[in-house]
$ cat input.csv   # CSV, C-alpha atoms
chain,number,residue,atom,x,y,z
A,1,MET,CA,0.0,0.0,0.0
A,2,PRO,CA,2.9,2.5,-0.3
A,3,ASP,CA,1.4,4.7,-2.9
A,4,ILE,CA,-2.0,4.9,-1.2
A,5,ASP,CA,-0.3,5.6,2.1
A,6,LYS,CA,1.3,8.8,0.6
A,7,LEU,CA,-1.7,10.1,-1.2
A,8,PHE,CA,-3.2,13.2,0.5
A,9,SER,CA,-5.7,14.5,-2.1
A,10,GLY,CA,-9.4,15.2,-2.7
A,11,SER,CA,-11.2,16.2,0.5
A,12,ILE,CA,-8.4,14.8,2.7
A,13,PRO,CA,-6.3,18.0,3.1
A,14,LYS,CA,-9.3,20.1,4.4
A,15,LEU,CA,-10.5,17.4,6.7
A,16,TYR,CA,-6.9,16.8,7.9
A,17,GLU,CA,-6.6,20.5,8.7
A,18,THR,CA,-9.9,21.0,10.4
A,19,HIS,CA,-10.2,17.7,12.3
A,20,LEU,CA,-6.8,16.0,12.7
A,21,VAL,CA,-4.5,19.0,13.2
A,22,PRO,CA,-6.2,20.2,16.5
A,23,LEU,CA,-6.7,16.6,17.5
A,24,ILE,CA,-3.2,15.3,17.5
A,25,PHE,CA,-0.7,17.6,15.8
A,26,GLU,CA,-0.9,21.0,17.5
A,27,PRO,CA,0.8,19.9,20.8
A,28,TYR,CA,3.8,18.6,19.0
A,29,ALA,CA,4.0,21.6,16.7
A,30,ALA,CA,4.2,23.7,19.8
A,31,ASP,CA,7.0,21.5,21.1
A,32,LEU,CA,9.1,21.8,18.0
A,33,LYS,CA,8.5,25.6,18.0
A,34,GLN,CA,9.9,25.8,21.6
A,35,ARG,CA,12.9,23.7,20.7
A,36,LEU,CA,13.8,25.8,17.7
A,37,ALA,CA,13.0,29.2,19.2
A,38,SER,CA,16.0,29.1,21.4
A,39,MET,CA,18.4,28.4,18.5
A,40,LYS,CA,20.3,31.0,16.4
A,41,LEU,CA,18.8,30.5,13.0
A,42,SER,CA,18.8,32.3,9.7
A,43,ARG,CA,17.1,29.8,7.4
A,44,ILE,CA,14.8,26.9,8.2
A,45,LEU,CA,13.7,24.1,5.9
A,46,GLU,CA,10.6,22.1,6.7
A,47,VAL,CA,9.9,18.9,4.9
A,48,ALA,CA,6.6,17.0,4.9
A,49,ALA,CA,4.9,20.3,6.0
A,50,GLY,CA,1.4,19.0,5.4
A,51,THR,CA,-1.2,21.7,5.9
A,52,GLY,CA,1.3,23.8,7.8
A,53,VAL,CA,0.7,23.4,11.5
A,54,VAL,CA,4.4,23.5,12.3
A,55,THR,CA,5.0,26.2,9.7
A,56,ARG,CA,2.5,28.4,11.4
A,57,ALA,CA,4.1,27.8,14.7
A,58,LEU,CA,7.6,28.6,13.4
A,59,ALA,CA,6.3,31.8,11.6
A,60,SER,CA,4.9,33.0,15.0
A,61,ILE,CA,8.4,33.0,16.6
A,62,PRO,CA,9.3,36.7,17.2
A,63,ASN,CA,12.4,36.6,15.1
A,64,GLU,CA,12.2,38.3,11.7
A,65,ARG,CA,15.8,37.5,10.9
A,66,PHE,CA,15.2,33.9,9.8
A,67,SER,CA,13.4,32.7,6.7
A,68,ILE,CA,11.2,29.6,6.3
A,69,VAL,CA,10.9,27.3,3.3
A,70,ALA,CA,8.1,24.7,3.8
A,71,THR,CA,7.9,21.8,1.4
A,72,ASP,CA,5.7,18.7,1.0
A,73,LEU,CA,5.3,16.0,-1.6
A,74,ASN,CA,1.6,16.7,-2.0
A,75,GLN,CA,0.8,20.0,-3.6
A,76,ALA,CA,-2.8,19.7,-2.3
A,77,MET,CA,-1.6,19.8,1.2
A,78,LEU,CA,0.6,22.9,0.5
A,79,ASP,CA,-2.4,24.6,-1.1
A,80,GLN,CA,-4.4,24.1,2.0
A,81,ALA,CA,-1.5,25.4,4.2
A,82,ALA,CA,-1.2,28.5,2.0
A,83,ALA,CA,-5.0,29.1,2.2
A,84,VAL,CA,-4.8,29.1,6.0
A,85,GLY,CA,-1.8,31.4,5.9
A,86,THR,CA,1.0,32.3,8.3
A,87,ALA,CA,1.9,35.2,10.5
A,88,ARG,CA,4.6,36.3,8.1
A,89,PRO,CA,5.7,35.2,4.6
A,90,VAL,CA,6.8,31.6,4.0
A,91,GLN,CA,8.1,30.1,0.8
A,92,TRP,CA,5.9,27.2,-0.1
A,93,GLN,CA,7.4,24.7,-2.5
A,94,GLN,CA,6.5,21.2,-3.6
A,95,ALA,CA,9.4,18.9,-3.1
A,96,ASP,CA,10.3,15.3,-2.5
A,97,ALA,CA,12.3,14.7,0.8
A,98,MET,CA,14.2,12.0,-1.0
A,99,ALA,CA,15.6,14.5,-3.5
A,100,LEU,CA,15.5,18.0,-2.1
A,101,PRO,CA,15.9,20.8,-4.7
A,102,PHE,CA,18.4,22.8,-2.6
A,103,ILE,CA,22.1,23.4,-2.6
A,104,ASP,CA,24.4,21.8,0.0
A,105,GLY,CA,24.7,23.6,3.3
A,106,GLU,CA,21.8,26.0,2.7
A,107,PHE,CA,19.9,25.7,6.0
A,108,ASP,CA,20.6,26.1,9.7
A,109,ALA,CA,17.8,23.6,10.6
A,110,VAL,CA,15.7,21.0,8.9
A,111,VAL,CA,12.5,20.2,10.7
A,112,CYS,CA,10.0,17.4,10.0
A,113,GLN,CA,6.8,16.7,11.9
A,114,PHE,CA,5.4,13.2,11.5
A,115,GLY,CA,6.7,12.8,8.0
A,116,ALA,CA,9.6,10.4,8.3
A,117,MET,CA,7.3,7.4,8.7
A,118,PHE,CA,6.2,8.0,5.1
A,119,PHE,CA,9.6,8.1,3.5
A,120,PRO,CA,10.2,4.9,1.4
A,121,ASP,CA,13.9,5.1,2.1
A,122,LYS,CA,14.5,6.8,5.5
A,123,ALA,CA,18.3,6.8,5.2
A,124,GLN,CA,18.1,8.5,1.8
A,125,ALA,CA,15.7,11.2,3.1
A,126,PHE,CA,17.9,11.7,6.2
A,127,SER,CA,20.9,12.0,3.9
A,128,GLU,CA,19.2,14.7,2.0
A,129,ALA,CA,18.4,16.6,5.2
A,130,ARG,CA,22.1,16.3,6.2
A,131,ARG,CA,23.3,17.5,2.8
A,132,VAL,CA,21.3,20.7,2.9
A,133,LEU,CA,22.3,21.5,6.5
A,134,LYS,CA,25.2,23.8,7.3
A,135,PRO,CA,28.0,22.4,9.4
A,136,GLY,CA,26.7,22.4,13.0
A,137,GLY,CA,23.1,22.7,11.7
A,138,VAL,CA,20.4,20.6,13.4
A,139,PHE,CA,17.9,18.1,12.1
A,140,ILE,CA,14.9,17.7,14.3
A,141,PHE,CA,11.9,15.5,13.7
A,142,ASN,CA,9.2,13.6,15.5
A,143,VAL,CA,7.5,10.2,14.8
A,144,TRP,CA,4.6,8.5,16.4
A,145,ASP,CA,5.4,5.9,19.1
A,146,ARG,CA,3.9,2.4,18.8
A,147,ILE,CA,0.2,2.3,18.2
A,148,ALA,CA,-0.6,0.7,21.6
A,149,ASP,CA,0.6,4.0,23.2
A,150,ASN,CA,-1.8,6.0,21.0
A,151,GLU,CA,-5.3,5.2,22.3
A,152,PHE,CA,-7.5,6.6,19.6
A,153,ALA,CA,-5.5,5.2,16.6
A,154,ASP,CA,-5.4,1.8,18.3
A,155,THR,CA,-9.1,1.8,19.0
A,156,ILE,CA,-10.0,2.7,15.4
A,157,THR,CA,-7.7,0.2,13.9
A,158,THR,CA,-9.2,-2.6,16.0
A,159,ALA,CA,-12.7,-1.4,15.2
A,160,LEU,CA,-12.2,-1.6,11.5
A,161,GLU,CA,-11.4,-5.3,11.8
A,162,ALA,CA,-15.2,-5.9,12.2
A,163,VAL,CA,-16.0,-4.1,8.9
A,164,PHE,CA,-13.3,-5.8,6.8
A,165,PRO,CA,-12.6,-9.0,8.7
A,166,GLU,CA,-10.8,-10.8,5.9
A,167,ASP,CA,-8.5,-7.8,5.1
A,168,PRO,CA,-8.6,-5.1,7.8
A,169,PRO,CA,-7.1,-1.7,6.9
A,170,ARG,CA,-3.8,-1.4,8.7
A,171,PHE,CA,-2.6,2.0,7.5
A,172,LEU,CA,-2.4,3.5,11.0
A,173,ALA,CA,-0.4,0.7,12.4
A,174,ARG,CA,1.7,0.1,9.3
A,175,THR,CA,2.7,3.7,8.5
A,176,PRO,CA,2.1,6.5,11.0
A,177,HIS,CA,2.9,4.1,13.9
A,178,GLY,CA,5.3,1.9,12.1
A,179,TYR,CA,8.6,3.7,12.7
A,180,HIS,CA,9.3,3.9,16.4
A,181,ASP,CA,12.2,1.6,17.1
A,182,ARG,CA,15.0,3.7,18.5
A,183,SER,CA,17.8,1.4,17.2
A,184,THR,CA,16.3,1.5,13.7
A,185,ILE,CA,16.1,5.3,13.7
A,186,GLU,CA,19.7,5.6,15.0
A,187,ARG,CA,20.9,3.1,12.3
A,188,ASP,CA,19.1,5.0,9.5
A,189,LEU,CA,20.7,8.3,10.7
A,190,ALA,CA,24.1,6.7,10.8
A,191,SER,CA,23.5,5.3,7.3
A,192,ALA,CA,22.7,8.9,6.2
A,193,GLY,CA,26.1,10.1,7.3
A,194,PHE,CA,25.3,11.6,10.7
A,195,THR,CA,28.2,10.9,13.1
A,196,LYS,CA,27.0,12.7,16.2
A,197,PRO,CA,24.7,10.9,18.6
A,198,ALA,CA,21.0,11.5,18.3
A,199,ARG,CA,18.9,12.7,21.2
A,200,ILE,CA,15.6,10.8,21.3
A,201,VAL,CA,13.0,11.7,23.9
A,202,THR,CA,9.5,10.3,24.5
A,203,LEU,CA,6.8,12.9,24.6
A,204,ALA,CA,3.3,12.0,25.7
A,205,ALA,CA,0.3,14.3,25.4
A,206,ARG,CA,-3.5,14.3,25.6
A,207,SER,CA,-5.7,14.3,22.5
A,208,ARG,CA,-9.2,15.8,22.7
A,209,ALA,CA,-12.2,15.8,20.3
A,210,ALA,CA,-15.7,17.3,20.6
A,211,SER,CA,-17.3,13.9,20.1
A,212,ALA,CA,-16.5,10.3,19.2
A,213,ARG,CA,-18.1,11.0,15.8
A,214,ALA,CA,-15.7,13.9,15.0
A,215,LEU,CA,-12.7,11.8,16.0
A,216,ALA,CA,-13.8,8.9,13.7
A,217,ILE,CA,-14.2,11.3,10.8
A,218,ALA,CA,-10.8,12.7,11.5
A,219,TYR,CA,-9.1,9.4,11.2
A,220,CYS,CA,-11.3,7.6,8.7
A,221,GLN,CA,-11.8,10.4,6.3
A,222,GLY,CA,-9.0,12.9,6.9
A,223,THR,CA,-6.0,10.6,6.5
A,224,PRO,CA,-4.9,8.0,3.8
A,225,LEU,CA,-6.8,5.5,5.9
A,226,ARG,CA,-9.7,6.7,3.8
A,227,ASN,CA,-7.9,5.5,0.6
A,228,GLU,CA,-7.4,2.1,2.1
A,229,ILE,CA,-11.0,1.8,3.1
A,230,GLU,CA,-12.3,2.9,-0.3
A,231,ALA,CA,-9.8,0.6,-2.0
A,232,ARG,CA,-11.7,-2.3,-0.3
A,233,ASP,CA,-15.2,-0.9,-0.8
A,234,ALA,CA,-15.9,2.8,-1.5
A,235,GLU,CA,-19.5,2.4,-0.5
A,236,ARG,CA,-18.5,1.3,3.0
A,237,LEU,CA,-16.6,4.5,4.1
A,238,GLY,CA,-19.7,5.6,6.0
A,239,VAL,CA,-20.1,2.2,7.6
A,240,ALA,CA,-16.4,2.2,8.6
A,241,THR,CA,-16.7,5.7,10.1
A,242,ASP,CA,-19.8,4.6,12.0
A,243,GLN,CA,-18.0,1.5,13.4
A,244,ALA,CA,-15.0,3.6,14.5
A,245,ALA,CA,-17.3,6.2,16.2
A,246,THR,CA,-19.1,3.4,18.0
A,247,ALA,CA,-15.9,1.9,19.3
A,248,VAL,CA,-14.5,5.2,20.4
A,249,ALA,CA,-17.8,6.0,22.2
A,250,GLN,CA,-17.8,2.6,24.0
A,251,ARG,CA,-14.2,3.2,25.3
A,252,PHE,CA,-14.1,6.9,25.9
A,253,GLY,CA,-17.7,8.2,25.9
A,254,LYS,CA,-20.0,9.5,23.3
A,255,ASP,CA,-19.6,13.3,23.7
A,256,ALA,CA,-16.3,15.0,24.4
A,257,VAL,CA,-13.5,12.4,24.4
A,258,GLU,CA,-9.9,12.4,25.6
A,259,GLY,CA,-7.1,9.9,25.1
A,260,LYS,CA,-3.4,9.5,25.3
A,261,ILE,CA,-1.1,10.1,22.3
A,262,GLN,CA,2.7,9.6,22.4
A,263,ALA,CA,5.6,10.4,20.1
A,264,LEU,CA,9.4,10.4,19.9
A,265,VAL,CA,11.3,13.6,19.2
A,266,VAL,CA,14.7,13.2,17.6
A,267,THR,CA,17.4,15.8,17.4
A,268,ILE,CA,20.8,15.4,15.8
A,269,GLU,CA,23.5,17.8,14.7
A,270,LYS,CA,25.5,17.7,11.5

$ encode --input "input.csv" --output "structure tokens"
Amino acid sequence: MPDIDKLFSGSIPKLYETHLVPLIFEPYAADLKQRLASMKLSRILEVAAGTGVVTRALASIPNERFSIVATDLNQAMLDQAAAVGTARPVQWQQADAMALPFIDGEFDAVVCQFGAMFFPDKAQAFSEARRVLKPGGVFIFNVWDRIADNEFADTITTALEAVFPEDPPRFLARTPHGYHDRSTIERDLASAGFTKPARIVTLAARSRAASARALAIAYCQGTPLRNEIEARDAERLGVATDQAATAVAQRFGKDAVEGKIQALVVTIEK
């Protein structure tokens, strides 16, 4: 399912921005902002920027002296990000993290929020990040921890087994929550040419949604999980969303819901 896993198009970008960003991405965007705000930077590259939650956070740092280039493989996601806007100008550019269209040593920092899991060759993408960094520059990214430590994603993945028992959609477990082994991350960074030790920290947070239904829509219709569901039976997207909402309501309540999310934050210097 590699191509489906990377496809953010159609109605997904808007649903992603309106539902999923406040649900799970904003706390980690704030964390990356805090980590980068204390550094002396003149030029930042963001890869896999999505609909711009980190970009907006970085653009709000009260430092007019650094510029931001935000890239993503999917132009539709960048279009959504540009439509939302930022506190100050940002250069939006479609780009593949595996082959960045920038010269060597162009940036003080490369940042990536929850994008590394989607790279088909992590070491190659990390090598590109290292290439465009200045000596002493920093590469900082986060990835989701195992799905068992992310309660909503785990609940929805299990719920969909009842809708497609012979071939349950496994996008959430396979891709977003499929790259969390620390030794693997360290090995990929070393293969990319990084020689300094990586700092990897676990960061838990709380995820909140207005209702079980809103949460089910966020995951089932605002991520590539939708592509996987529709690949099995496009007419069952509604049924799958209903099943996910029911499972969430049974575990967390029908109205406002709250659950644990957890990620790893990785920082390494060139």

$ closest_residue --input "input.csv" --among "A:Asp145, A:Glu161, A:Glu258, A:Asp108" --to "Ala240 (chain A)" --atoms "all atoms listed in the file"
A:Glu161

$ residues_around --input "input.csv" --residues "Ala209 (chain A)" --least-positions-apart "3" --cutoff "7 Å" --atoms "all atoms listed in the file" --output "PyMOL selection string"
chain A and resi 23+214-215+256-258

$ atom_distance --input "input.csv" --atom1 "CA of Met98 (chain A)" --atom2 "CA of Leu58 (chain A)"
22.9 Å

$ closest_residue --input "input.csv" --among "A:Ala82, A:Gly136, A:Pro101, A:Tyr179" --to "Lys40 (chain A)" --atoms "only C-alpha atoms"
A:Gly136

$ closest_residue --input "input.csv" --among "A:Thr202, A:Thr223, A:Gln250, A:Gln80" --to "Ala153 (chain A)" --atoms "all atoms listed in the file"
A:Thr223

$ closest_residue --input "input.csv" --among "A:Lys260, A:Arg35, A:Arg88, A:Lys134" --to "Asn63 (chain A)" --atoms "only C-alpha atoms"
A:Arg88

$ atom_distance --input "input.csv" --atom1 "CA of Ala205 (chain A)" --atom2 "CA of Trp144 (chain A)"
11.5 Å

$ atom_distance --input "input.csv" --atom1 "CA of Gly253 (chain A)" --atom2 "CA of Ala216 (chain A)"
12.8 Å
